[in-house]
$ cat input.csv   # CSV, C-alpha atoms
chain,number,residue,atom,x,y,z
A,1,MET,CA,8.6,7.6,-6.9
A,2,THR,CA,9.0,11.4,-7.4
A,3,ASP,CA,7.2,14.1,-5.5
A,4,GLN,CA,5.3,15.0,-8.7
A,5,SER,CA,4.0,11.5,-9.3
A,6,VAL,CA,2.8,11.3,-5.7
A,7,VAL,CA,0.9,14.6,-6.1
A,8,ASN,CA,-0.6,13.5,-9.4
A,9,GLY,CA,-1.7,10.2,-7.8
A,10,LEU,CA,-3.4,12.1,-5.0
A,11,LEU,CA,-5.2,14.4,-7.4
A,12,ARG,CA,-6.5,11.4,-9.4
A,13,ARG,CA,-8.1,9.9,-6.3
A,14,ARG,CA,-11.9,10.4,-6.1
A,15,GLU,CA,-11.6,11.8,-2.6
A,16,SER,CA,-9.5,14.7,-3.9
A,17,GLY,CA,-12.4,16.2,-5.8
A,18,ILE,CA,-14.8,15.7,-2.8
A,19,PHE,CA,-12.3,17.3,-0.6
A,20,LEU,CA,-12.1,20.4,-2.9
A,21,VAL,CA,-15.9,20.6,-2.7
A,22,LEU,CA,-15.6,20.6,1.1
A,23,VAL,CA,-13.0,23.4,1.0
A,24,GLY,CA,-15.1,25.4,-1.4
A,25,LEU,CA,-18.1,25.0,1.0
A,26,VAL,CA,-16.1,26.2,4.0
A,27,VAL,CA,-14.8,29.2,2.1
A,28,LEU,CA,-18.3,30.2,0.8
A,29,ILE,CA,-20.0,29.9,4.1
A,30,THR,CA,-17.2,31.8,5.8
A,31,ILE,CA,-17.5,34.6,3.3
A,32,CYS,CA,-21.3,34.8,4.1
A,33,GLU,CA,-20.8,34.3,7.8
A,34,PRO,CA,-17.3,35.1,9.1
A,35,GLY,CA,-18.2,33.6,12.5
A,36,PHE,CA,-18.3,30.1,10.9
A,37,ALA,CA,-14.5,29.7,10.8
A,38,THR,CA,-13.8,30.1,14.5
A,39,TRP,CA,-12.3,27.5,16.8
A,40,GLY,CA,-15.4,27.3,18.9
A,41,ASN,CA,-17.6,26.5,16.0
A,42,VAL,CA,-15.1,24.0,14.6
A,43,TYR,CA,-15.1,22.3,18.0
A,44,THR,CA,-18.9,22.1,18.1
A,45,VAL,CA,-19.3,21.0,14.5
A,46,SER,CA,-16.6,18.3,14.8
A,47,ARG,CA,-18.4,16.8,17.7
A,48,GLN,CA,-21.7,16.6,15.8
A,49,ILE,CA,-19.9,15.2,12.7
A,50,ALA,CA,-18.3,12.5,14.8
A,51,TYR,CA,-21.6,10.9,15.7
A,52,THR,CA,-22.7,10.7,12.1
A,53,ALA,CA,-19.3,9.6,10.8
A,54,ILE,CA,-19.1,6.7,13.3
A,55,ILE,CA,-22.5,5.4,12.1
A,56,ALA,CA,-21.6,6.1,8.5
A,57,LEU,CA,-18.4,4.0,8.8
A,58,GLY,CA,-20.5,1.0,9.9
A,59,VAL,CA,-23.0,1.6,7.0
A,60,LEU,CA,-20.0,1.7,4.6
A,61,PHE,CA,-19.2,-2.0,5.3
A,62,VAL,CA,-22.8,-2.9,4.5
A,63,ILE,CA,-23.1,-0.8,1.3
A,64,LEU,CA,-19.8,-2.2,0.0
A,65,THR,CA,-21.6,-5.6,-0.2
A,66,SER,CA,-24.5,-4.0,-2.1
A,67,GLY,CA,-26.6,-3.9,1.0
A,68,ILE,CA,-28.3,-1.1,3.0
A,69,ASP,CA,-28.9,-0.6,6.7
A,70,LEU,CA,-31.8,1.7,7.5
A,71,SER,CA,-32.0,0.6,11.2
A,72,VAL,CA,-28.9,2.3,12.5
A,73,GLY,CA,-30.7,5.3,14.0
A,74,SER,CA,-33.0,3.0,16.0
A,75,ILE,CA,-30.1,0.8,17.0
A,76,VAL,CA,-28.4,4.0,18.3
A,77,GLY,CA,-31.4,4.8,20.4
A,78,LEU,CA,-32.0,1.2,21.7
A,79,CYS,CA,-28.4,0.6,22.6
A,80,GLY,CA,-28.2,3.9,24.4
A,81,VAL,CA,-31.3,3.2,26.4
A,82,VAL,CA,-30.1,-0.3,27.4
A,83,CYS,CA,-26.8,1.1,28.5
A,84,GLY,CA,-28.4,4.0,30.4
A,85,TRP,CA,-30.9,1.8,32.1
A,86,LEU,CA,-28.3,-0.7,33.3
A,87,MET,CA,-26.2,2.2,34.7
A,88,LEU,CA,-29.3,3.4,36.5
A,89,GLN,CA,-29.8,0.0,38.0
A,90,GLY,CA,-26.3,0.2,39.6
A,91,LEU,CA,-24.3,-1.8,37.0
A,92,PRO,CA,-20.8,-0.3,36.7
A,93,PRO,CA,-20.5,2.0,33.6
A,94,ALA,CA,-17.9,-0.2,32.0
A,95,LEU,CA,-20.1,-3.3,32.1
A,96,ALA,CA,-23.2,-1.2,31.0
A,97,VAL,CA,-21.2,0.1,28.0
A,98,CYS,CA,-20.2,-3.5,27.1
A,99,ALA,CA,-23.9,-4.5,27.3
A,100,GLY,CA,-24.9,-1.7,25.0
A,101,LEU,CA,-22.3,-2.6,22.5
A,102,ALA,CA,-23.3,-6.3,22.7
A,103,MET,CA,-26.9,-5.2,22.0
A,104,GLY,CA,-25.7,-3.5,18.8
A,105,LEU,CA,-23.9,-6.7,17.7
A,106,VAL,CA,-27.0,-8.8,18.3
A,107,LEU,CA,-29.2,-6.5,16.4
A,108,GLY,CA,-26.7,-6.3,13.5
A,109,ALA,CA,-26.4,-10.1,13.6
A,110,VAL,CA,-30.2,-10.4,13.3
A,111,ASN,CA,-30.3,-8.1,10.3
A,112,GLY,CA,-27.3,-9.9,8.7
A,113,ALA,CA,-28.7,-13.4,9.3
A,114,ILE,CA,-32.1,-12.6,7.8
A,115,VAL,CA,-30.4,-10.9,4.8
A,116,SER,CA,-27.6,-13.5,4.2
A,117,TYR,CA,-29.1,-16.8,5.2
A,118,ILE,CA,-32.8,-16.3,4.5
A,119,GLY,CA,-32.5,-14.0,1.5
A,120,VAL,CA,-34.9,-11.2,2.5
A,121,THR,CA,-34.1,-7.9,0.8
A,122,PRO,CA,-31.9,-5.7,3.0
A,123,PHE,CA,-34.2,-2.7,2.6
A,124,ILE,CA,-37.2,-4.6,4.0
A,125,VAL,CA,-35.2,-6.3,6.9
A,126,THR,CA,-33.6,-3.1,8.1
A,127,LEU,CA,-36.7,-1.0,7.7
A,128,ALA,CA,-38.6,-3.5,9.9
A,129,THR,CA,-35.8,-3.5,12.5
A,130,LEU,CA,-35.9,0.3,12.4
A,131,GLY,CA,-39.6,0.2,13.4
A,132,MET,CA,-39.3,-2.6,16.0
A,133,ALA,CA,-36.2,-1.2,17.7
A,134,ARG,CA,-37.8,2.2,18.0
A,135,GLY,CA,-41.0,0.6,19.2
A,136,VAL,CA,-39.1,-1.3,22.0
A,137,VAL,CA,-37.5,1.9,23.2
A,138,PHE,CA,-40.8,3.8,23.4
A,139,VAL,CA,-42.6,0.9,25.1
A,140,ALA,CA,-39.8,0.5,27.6
A,141,THR,CA,-39.4,4.2,28.4
A,142,HIS,CA,-43.0,5.4,27.7
A,143,GLY,CA,-41.5,8.1,25.6
A,144,ASP,CA,-39.4,9.5,28.4
A,145,SER,CA,-35.7,9.7,28.8
A,146,ILE,CA,-33.5,7.8,31.3
A,147,ARG,CA,-31.8,10.2,33.7
A,148,GLY,CA,-29.4,9.7,36.6
A,149,ILE,CA,-26.4,8.7,34.5
A,150,PRO,CA,-23.3,8.3,36.7
A,151,GLU,CA,-21.0,11.3,36.8
A,152,SER,CA,-18.0,9.1,36.3
A,153,PHE,CA,-19.3,8.0,32.9
A,154,ASN,CA,-20.2,11.5,31.8
A,155,ARG,CA,-16.8,12.8,32.9
A,156,ILE,CA,-14.9,10.4,30.7
A,157,ALA,CA,-17.3,10.5,27.7
A,158,LEU,CA,-17.3,14.3,27.7
A,159,MET,CA,-13.7,15.0,28.4
A,160,ASP,CA,-11.6,17.1,26.0
A,161,VAL,CA,-8.4,15.4,24.8
A,162,PRO,CA,-5.3,17.6,24.1
A,163,ILE,CA,-3.8,16.9,20.7
A,164,LEU,CA,-1.6,19.9,20.0
A,165,TRP,CA,0.5,22.5,21.7
A,166,VAL,CA,0.6,25.8,19.8
A,167,PRO,CA,3.4,28.4,20.4
A,168,SER,CA,2.2,31.6,21.8
A,169,VAL,CA,3.3,33.6,18.8
A,170,ILE,CA,1.0,31.6,16.6
A,171,VAL,CA,-1.9,32.0,19.0
A,172,ARG,CA,-1.4,35.8,18.8
A,173,LEU,CA,-1.1,35.9,15.0
A,174,LEU,CA,-3.9,33.5,14.1
A,175,PRO,CA,-7.3,34.4,15.7
A,176,PHE,CA,-8.7,31.0,14.4
A,177,PHE,CA,-6.8,29.2,17.2
A,178,PRO,CA,-8.3,29.2,20.7
A,179,ARG,CA,-6.8,31.6,23.2
A,180,SER,CA,-5.2,28.7,25.0
A,181,GLN,CA,-2.0,27.2,23.6
A,182,VAL,CA,-3.3,23.7,24.1
A,183,VAL,CA,-5.7,22.6,21.3
A,184,VAL,CA,-8.2,20.0,22.5
A,185,VAL,CA,-10.8,17.9,20.7
A,186,PRO,CA,-13.9,16.3,22.1
A,187,MET,CA,-13.9,12.6,23.1
A,188,PRO,CA,-16.3,11.6,20.2
A,189,VAL,CA,-13.8,12.8,17.7
A,190,VAL,CA,-11.1,10.7,19.4
A,191,VAL,CA,-13.3,7.7,19.3
A,192,LEU,CA,-14.1,8.4,15.6
A,193,ALA,CA,-10.4,8.6,14.8
A,194,VAL,CA,-9.7,5.2,16.4
A,195,ILE,CA,-12.6,3.6,14.6
A,196,ALA,CA,-11.6,5.2,11.3
A,197,VAL,CA,-8.1,3.8,11.5
A,198,VAL,CA,-9.3,0.3,12.4
A,199,ALA,CA,-11.9,0.4,9.6
A,200,HIS,CA,-9.3,1.5,7.1
A,201,ILE,CA,-6.8,-1.2,8.1
A,202,VAL,CA,-9.5,-3.9,7.9
A,203,LEU,CA,-10.8,-2.8,4.5
A,204,THR,CA,-7.4,-2.2,3.0
A,205,TYR,CA,-5.0,-4.7,4.4
A,206,THR,CA,-7.0,-7.8,5.4
A,207,ALA,CA,-8.5,-10.7,3.5
A,208,PHE,CA,-11.9,-9.9,5.0
A,209,GLY,CA,-11.8,-6.4,3.5
A,210,ARG,CA,-10.9,-7.7,0.1
A,211,ARG,CA,-13.8,-10.1,0.3
A,212,VAL,CA,-16.2,-7.3,1.2
A,213,TYR,CA,-15.2,-5.4,-1.9
A,214,ALA,CA,-15.4,-8.6,-4.0
A,215,ILE,CA,-18.9,-9.3,-2.9
A,216,GLY,CA,-20.0,-5.8,-3.9
A,217,GLY,CA,-18.2,-6.1,-7.3
A,218,ASN,CA,-19.7,-9.5,-8.2
A,219,GLU,CA,-21.2,-11.7,-5.5
A,220,ALA,CA,-21.9,-14.7,-7.8
A,221,ALA,CA,-18.2,-14.8,-8.9
A,222,THR,CA,-17.1,-14.4,-5.3
A,223,THR,CA,-19.2,-17.3,-4.2
A,224,LEU,CA,-17.9,-19.5,-7.0
A,225,SER,CA,-14.3,-18.7,-5.9
A,226,GLY,CA,-15.0,-20.5,-2.6
A,227,ILE,CA,-15.6,-17.5,-0.3
A,228,ASN,CA,-18.4,-17.8,2.2
A,229,THR,CA,-20.3,-14.7,1.1
A,230,ARG,CA,-23.1,-15.2,3.6
A,231,ARG,CA,-20.8,-15.1,6.6
A,232,VAL,CA,-19.0,-12.0,5.3
A,233,LYS,CA,-22.3,-10.1,4.8
A,234,LEU,CA,-23.4,-11.2,8.3
A,235,ILE,CA,-20.2,-9.7,9.8
A,236,THR,CA,-20.7,-6.4,7.9
A,237,TYR,CA,-24.2,-6.0,9.4
A,238,MET,CA,-22.7,-6.8,12.9
A,239,ILE,CA,-20.1,-4.1,12.3
A,240,SER,CA,-22.8,-1.7,11.4
A,241,GLY,CA,-24.7,-2.5,14.5
A,242,LEU,CA,-21.6,-2.2,16.7
A,243,PHE,CA,-20.6,1.2,15.4
A,244,SER,CA,-24.2,2.4,15.9
A,245,ALA,CA,-24.1,1.2,19.5
A,246,VAL,CA,-20.9,3.2,20.0
A,247,ALA,CA,-22.7,6.3,18.8
A,248,GLY,CA,-25.6,5.4,21.1
A,249,VAL,CA,-23.3,5.3,24.1
A,250,LEU,CA,-21.7,8.6,23.2
A,251,PHE,CA,-25.1,10.2,22.9
A,252,ILE,CA,-25.8,9.4,26.5
A,253,ALA,CA,-23.1,11.7,27.7
A,254,ARG,CA,-23.9,14.4,25.3
A,255,TYR,CA,-27.5,14.7,26.6
A,256,GLN,CA,-26.8,13.6,30.1
A,257,SER,CA,-29.6,11.0,29.6
A,258,ALA,CA,-30.5,8.1,27.4
A,259,GLN,CA,-33.0,9.0,24.7
A,260,ALA,CA,-34.4,7.6,21.5
A,261,GLU,CA,-35.2,10.9,19.7
A,262,PRO,CA,-31.8,12.4,19.2
A,263,ALA,CA,-30.8,9.7,16.7
A,264,LYS,CA,-34.1,9.9,14.8
A,265,GLY,CA,-33.4,10.3,11.1
A,266,ILE,CA,-29.6,10.0,11.5
A,267,GLU,CA,-29.6,6.9,9.2
A,268,LEU,CA,-30.3,9.3,6.3
A,269,ASP,CA,-27.3,11.5,7.2
A,270,ALA,CA,-25.1,8.4,7.6
A,271,ILE,CA,-26.1,7.0,4.2
A,272,ALA,CA,-25.8,10.4,2.6
A,273,ALA,CA,-22.3,10.8,4.1
A,274,ALA,CA,-21.2,7.5,2.6
A,275,VAL,CA,-22.7,8.3,-0.9
A,276,ILE,CA,-21.4,11.9,-1.0
A,277,GLY,CA,-18.0,10.5,0.0
A,278,GLY,CA,-17.9,8.3,-3.2
A,279,THR,CA,-19.4,5.1,-1.9
A,280,SER,CA,-21.4,3.4,-4.6
A,281,LEU,CA,-24.9,2.2,-3.6
A,282,MET,CA,-24.3,-0.7,-6.0
A,283,GLY,CA,-21.5,-1.9,-3.9
A,284,GLY,CA,-17.8,-2.5,-4.4
A,285,GLU,CA,-16.6,1.1,-4.3
A,286,GLY,CA,-15.9,3.3,-1.3
A,287,THR,CA,-13.3,4.3,1.2
A,288,VAL,CA,-13.0,5.3,4.9
A,289,ALA,CA,-11.5,8.7,3.8
A,290,GLY,CA,-14.4,9.4,1.5
A,291,VAL,CA,-16.9,8.7,4.2
A,292,LEU,CA,-15.1,11.0,6.6
A,293,ILE,CA,-15.1,13.8,4.0
A,294,GLY,CA,-18.8,13.1,3.2
A,295,ALA,CA,-19.7,13.3,6.8
A,296,THR,CA,-17.8,16.5,7.2
A,297,ILE,CA,-19.6,18.0,4.2
A,298,MET,CA,-23.0,17.1,5.7
A,299,GLY,CA,-21.9,18.6,9.1
A,300,VAL,CA,-20.6,21.8,7.4
A,301,ILE,CA,-23.8,22.2,5.4
A,302,ARG,CA,-26.1,21.7,8.4
A,303,SER,CA,-24.0,24.1,10.6
A,304,GLY,CA,-23.7,26.7,7.8
A,305,LEU,CA,-27.5,26.7,7.2
A,306,VAL,CA,-28.1,27.2,10.9
A,307,GLN,CA,-25.6,30.1,11.1
A,308,LEU,CA,-27.1,31.6,8.0
A,309,GLN,CA,-30.5,31.4,9.7
A,310,VAL,CA,-32.1,29.3,7.0
A,311,SER,CA,-35.5,27.9,8.0
A,312,SER,CA,-35.4,24.3,9.2
A,313,TYR,CA,-37.9,23.4,6.5
A,314,TRP,CA,-35.5,24.6,3.8
A,315,GLN,CA,-32.7,22.8,5.6
A,316,GLU,CA,-34.4,19.4,5.1
A,317,LEU,CA,-35.3,20.2,1.5
A,318,ILE,CA,-31.6,21.1,0.8
A,319,ILE,CA,-30.2,18.0,2.5
A,320,GLY,CA,-32.7,15.8,0.6
A,321,ALA,CA,-31.7,17.4,-2.7
A,322,ILE,CA,-28.1,16.8,-1.9
A,323,ILE,CA,-28.7,13.1,-1.2
A,324,VAL,CA,-30.6,12.7,-4.5
A,325,LEU,CA,-27.9,14.6,-6.4
A,326,ALA,CA,-25.2,12.3,-4.9
A,327,ALA,CA,-27.1,9.2,-5.9
A,328,ILE,CA,-27.5,10.5,-9.5
A,329,MET,CA,-23.8,11.3,-9.6
A,330,ASP,CA,-23.1,7.8,-8.5
A,331,VAL,CA,-25.2,6.3,-11.3
A,332,ILE,CA,-23.5,8.6,-13.9
A,333,ARG,CA,-20.1,7.7,-12.6
A,334,ARG,CA,-20.8,4.0,-12.9
A,335,ARG,CA,-22.2,4.3,-16.4
A,336,ARG,CA,-19.1,6.1,-17.6
A,337,ALA,CA,-17.0,3.4,-16.0
A,338,GLY,CA,-18.9,0.8,-17.9
A,339,ARG,CA,-20.3,-1.0,-14.8
$ encode --input "input.csv" --output "structure tokens"
Amino acid sequence: MTDQSVVNGLLRRRESGIFLVLVGLVVLITICEPGFATWGNVYTVSRQIAYTAIIALGVLFVILTSGIDLSVGSIVGLCGVVCGWLMLQGLPPALAVCAGLAMGLVLGAVNGAIVSYIGVTPFIVTLATLGMARGVVFVATHGDSIRGIPESFNRIALMDVPILWVPSVIVRLLPFFPRSQVVVVPMPVVVLAVIAVVAHIVLTYTAFGRRVYAIGGNEAATTLSGINTRRVKLITYMISGLFSAVAGVLFIARYQSAQAEPAKGIELDAIAAAVIGGTSLMGGEGTVAGVLIGATIMGVIRSGLVQLQVSSYWQELIIGAIIVLAAIMDVIRRRRAGR
């Protein structure tokens, strides 16, 4: 395969167009606010993007089967509170983290079982779980946060991981780089990278991944081919719950406490990241790379609006408009494809 054919193949990918939109946004915001393209801001924005992207990757599995998961934000809060409360009771952080992740799997399994085996619409099931999980958190904590998180946990979850050594000549020539020659990234970004690699391998190179796409493309035909579609959909909701629990555990370290409020509304950002990244709400189409680009676009827009001192009311309006526009573009794309 020639270099030109490789380039042409990359340019034909849907993610290429989305990536160009991302580059354009960064350039536009940097022109309006030069302080946007600094390493300190990139560090901060990347950490915020990581939380949304981790959740969005879980939502990706569900949406690929033509489902939806509105409960991820509440699962983030509940799993974080469970993990924080257990650490406060003296349970070793490692075991408390495992318990929080297990809670995410259980909640995802409940959603998946009701959707797959009982046949209730995913929107109704996950909306109900959203309310119940959030209610449990507020009843258990009385609206307060859980403090006293062990320092050993915070130290690991907040550590910066070195990823690159930069020669001093480049540091002097490029003000974008930090003054240190060692480039570090926050732990949530490292966790996101690991999850993204695993998710890509599962969806691209395993039989389970092919079945997920097949269900979203045509569930009836997939069932007739002998595939247990109910079990596959159950697992996708469990994956969504697990990834949300991972984000919930990471949120504990960020706020030095376990809270429910920080994840409120994050389900909309996660779904928007997936849709903006080219994931079809009808199922069967979407990639890990697209979700990562979509989450980055969401993070860049939010950070850019803050730096441009746009009112928070306008921020919500703009984000909502972007979500609607992404959904409209998805419908138009599918019509042109004849689906």
$ closest_residue --input "input.csv" --among "A:Ala37, A:Leu107, A:Val62, A:Ile75" --to "Leu25 in chain A" --atoms "all atoms listed in the file"
A:Ala37
$ residues_around --input "input.csv" --residues "range 229-234 of chain A" --least-positions-apart "4" --cutoff "8 Å" --atoms "only C-alpha atoms" --output "PyMOL selection string"
chain A and resi 62+65+108-109+111-113+115-117+208+211-212+215+219+222-223+238
$ atom_distance --input "input.csv" --atom1 "CA of Tyr205 in chain A" --atom2 "CA of Ile227 in chain A"
17.3 Å
$ closest_residue --input "input.csv" --among "A:Gly135, A:Pro150, A:Gly80, A:Gly284" --to "Met103 in chain A" --atoms "all atoms listed in the file"
A:Gly80
$ closest_residue --input "input.csv" --among "A:Ala295, A:Ile318, A:Ile195, A:Ile146" --to "Ser244 in chain A" --atoms "all atoms listed in the file"
A:Ile195
$ atom_distance --input "input.csv" --atom1 "CA of Leu281 in chain A" --atom2 "CA of Leu192 in chain A"
22.9 Å
$ residues_around --input "input.csv" --residues "Ala196 in chain A" --least-positions-apart "5" --cutoff "12 Å" --atoms "all atoms listed in the file" --output "list in words"
Ala50, Ala53, Ile54, Ile55, Ala56, Leu57, Gly58, Leu60, Pro188, Val189, Val190, Val191, Ile201, Val202, Leu203, Thr204, Phe243, Thr287, Val288, Ala289, Gly290, Val291, Leu292 and Ile293 of chain A
$ atom_distance --input "input.csv" --atom1 "CA of Ser145 in chain A" --atom2 "CA of Ala258 in chain A"
5.6 Å
$ closest_residue --input "input.csv" --among "A:Leu78, A:Ile252, A:Val161, A:Ile276" --to "Ala140 in chain A" --atoms "only C-alpha atoms"
A:Leu78
$ residues_around --input "input.csv" --residues "Ile149 in chain A" --least-positions-apart "2" --cutoff "9 Å" --atoms "all atoms listed in the file" --output "NGL selection string"
:A and (84-85 or 87-88 or 93 or 146-147 or 151-154 or 252-253 or 256-258)
$ write_last_selection --input "input.csv" --atoms "C-alpha atoms" --output "PDB file, in the frame of the given file"
ATOM      1  CA  GLY A  84     -28.400   4.000  30.400  1.00  0.00           C
ATOM      2  CA  TRP A  85     -30.900   1.800  32.100  1.00  0.00           C
ATOM      3  CA  MET A  87     -26.200   2.200  34.700  1.00  0.00           C
ATOM      4  CA  LEU A  88     -29.300   3.400  36.500  1.00  0.00           C
ATOM      5  CA  PRO A  93     -20.500   2.000  33.600  1.00  0.00           C
ATOM      6  CA  ILE A 146     -33.500   7.800  31.300  1.00  0.00           C
ATOM      7  CA  ARG A 147     -31.800  10.200  33.700  1.00  0.00           C
ATOM      8  CA  GLU A 151     -21.000  11.300  36.800  1.00  0.00           C
ATOM      9  CA  SER A 152     -18.000   9.100  36.300  1.00  0.00           C
ATOM     10  CA  PHE A 153     -19.300   8.000  32.900  1.00  0.00           C
ATOM     11  CA  ASN A 154     -20.200  11.500  31.800  1.00  0.00           C
ATOM     12  CA  ILE A 252     -25.800   9.400  26.500  1.00  0.00           C
ATOM     13  CA  ALA A 253     -23.100  11.700  27.700  1.00  0.00           C
ATOM     14  CA  GLN A 256     -26.800  13.600  30.100  1.00  0.00           C
ATOM     15  CA  SER A 257     -29.600  11.000  29.600  1.00  0.00           C
ATOM     16  CA  ALA A 258     -30.500   8.100  27.400  1.00  0.00           C
TER      17      ALA A 258
END
$ residues_near_point --input "input.csv" --point "(-27.4, 25.1, 10.6)" --cutoff "12 Å" --atoms "all atoms listed in the file" --output "ChimeraX atom specification"
/A:29,33,36,41,44-45,48,298-316,318-319
$ axis_aligned_box --input "input.csv" --around "range 268-286 of chain A" --padding-each-side "4 Å" --output "JSON"
{"center_x": -23.1, "center_y": 4.7, "center_z": 0.8, "size_x": 22.4, "size_y": 22.4, "size_z": 21.6}
$ closest_atom_pairs --input "input.csv" --of "range 203-265 of chain A" --to "range 184-187 of chain A" --cutoff "12 Å" --atoms "only C-alpha atoms" --output "JSON lines"
{"residue": "A:Ala247", "atom": "CA", "partner": "A:Met187", "partner_atom": "CA", "distance": 11.6}
{"residue": "A:Val249", "atom": "CA", "partner": "A:Met187", "partner_atom": "CA", "distance": 11.9}
{"residue": "A:Leu250", "atom": "CA", "partner": "A:Met187", "partner_atom": "CA", "distance": 8.8}
{"residue": "A:Phe251", "atom": "CA", "partner": "A:Met187", "partner_atom": "CA", "distance": 11.5}
{"residue": "A:Ala253", "atom": "CA", "partner": "A:Met187", "partner_atom": "CA", "distance": 10.3}
{"residue": "A:Arg254", "atom": "CA", "partner": "A:Met187", "partner_atom": "CA", "distance": 10.4}
$ closest_residue --input "input.csv" --among "A:Gly17, A:Pro34, A:Gly286, A:Pro92" --to "Val59 in chain A" --atoms "all atoms listed in the file"
A:Gly286
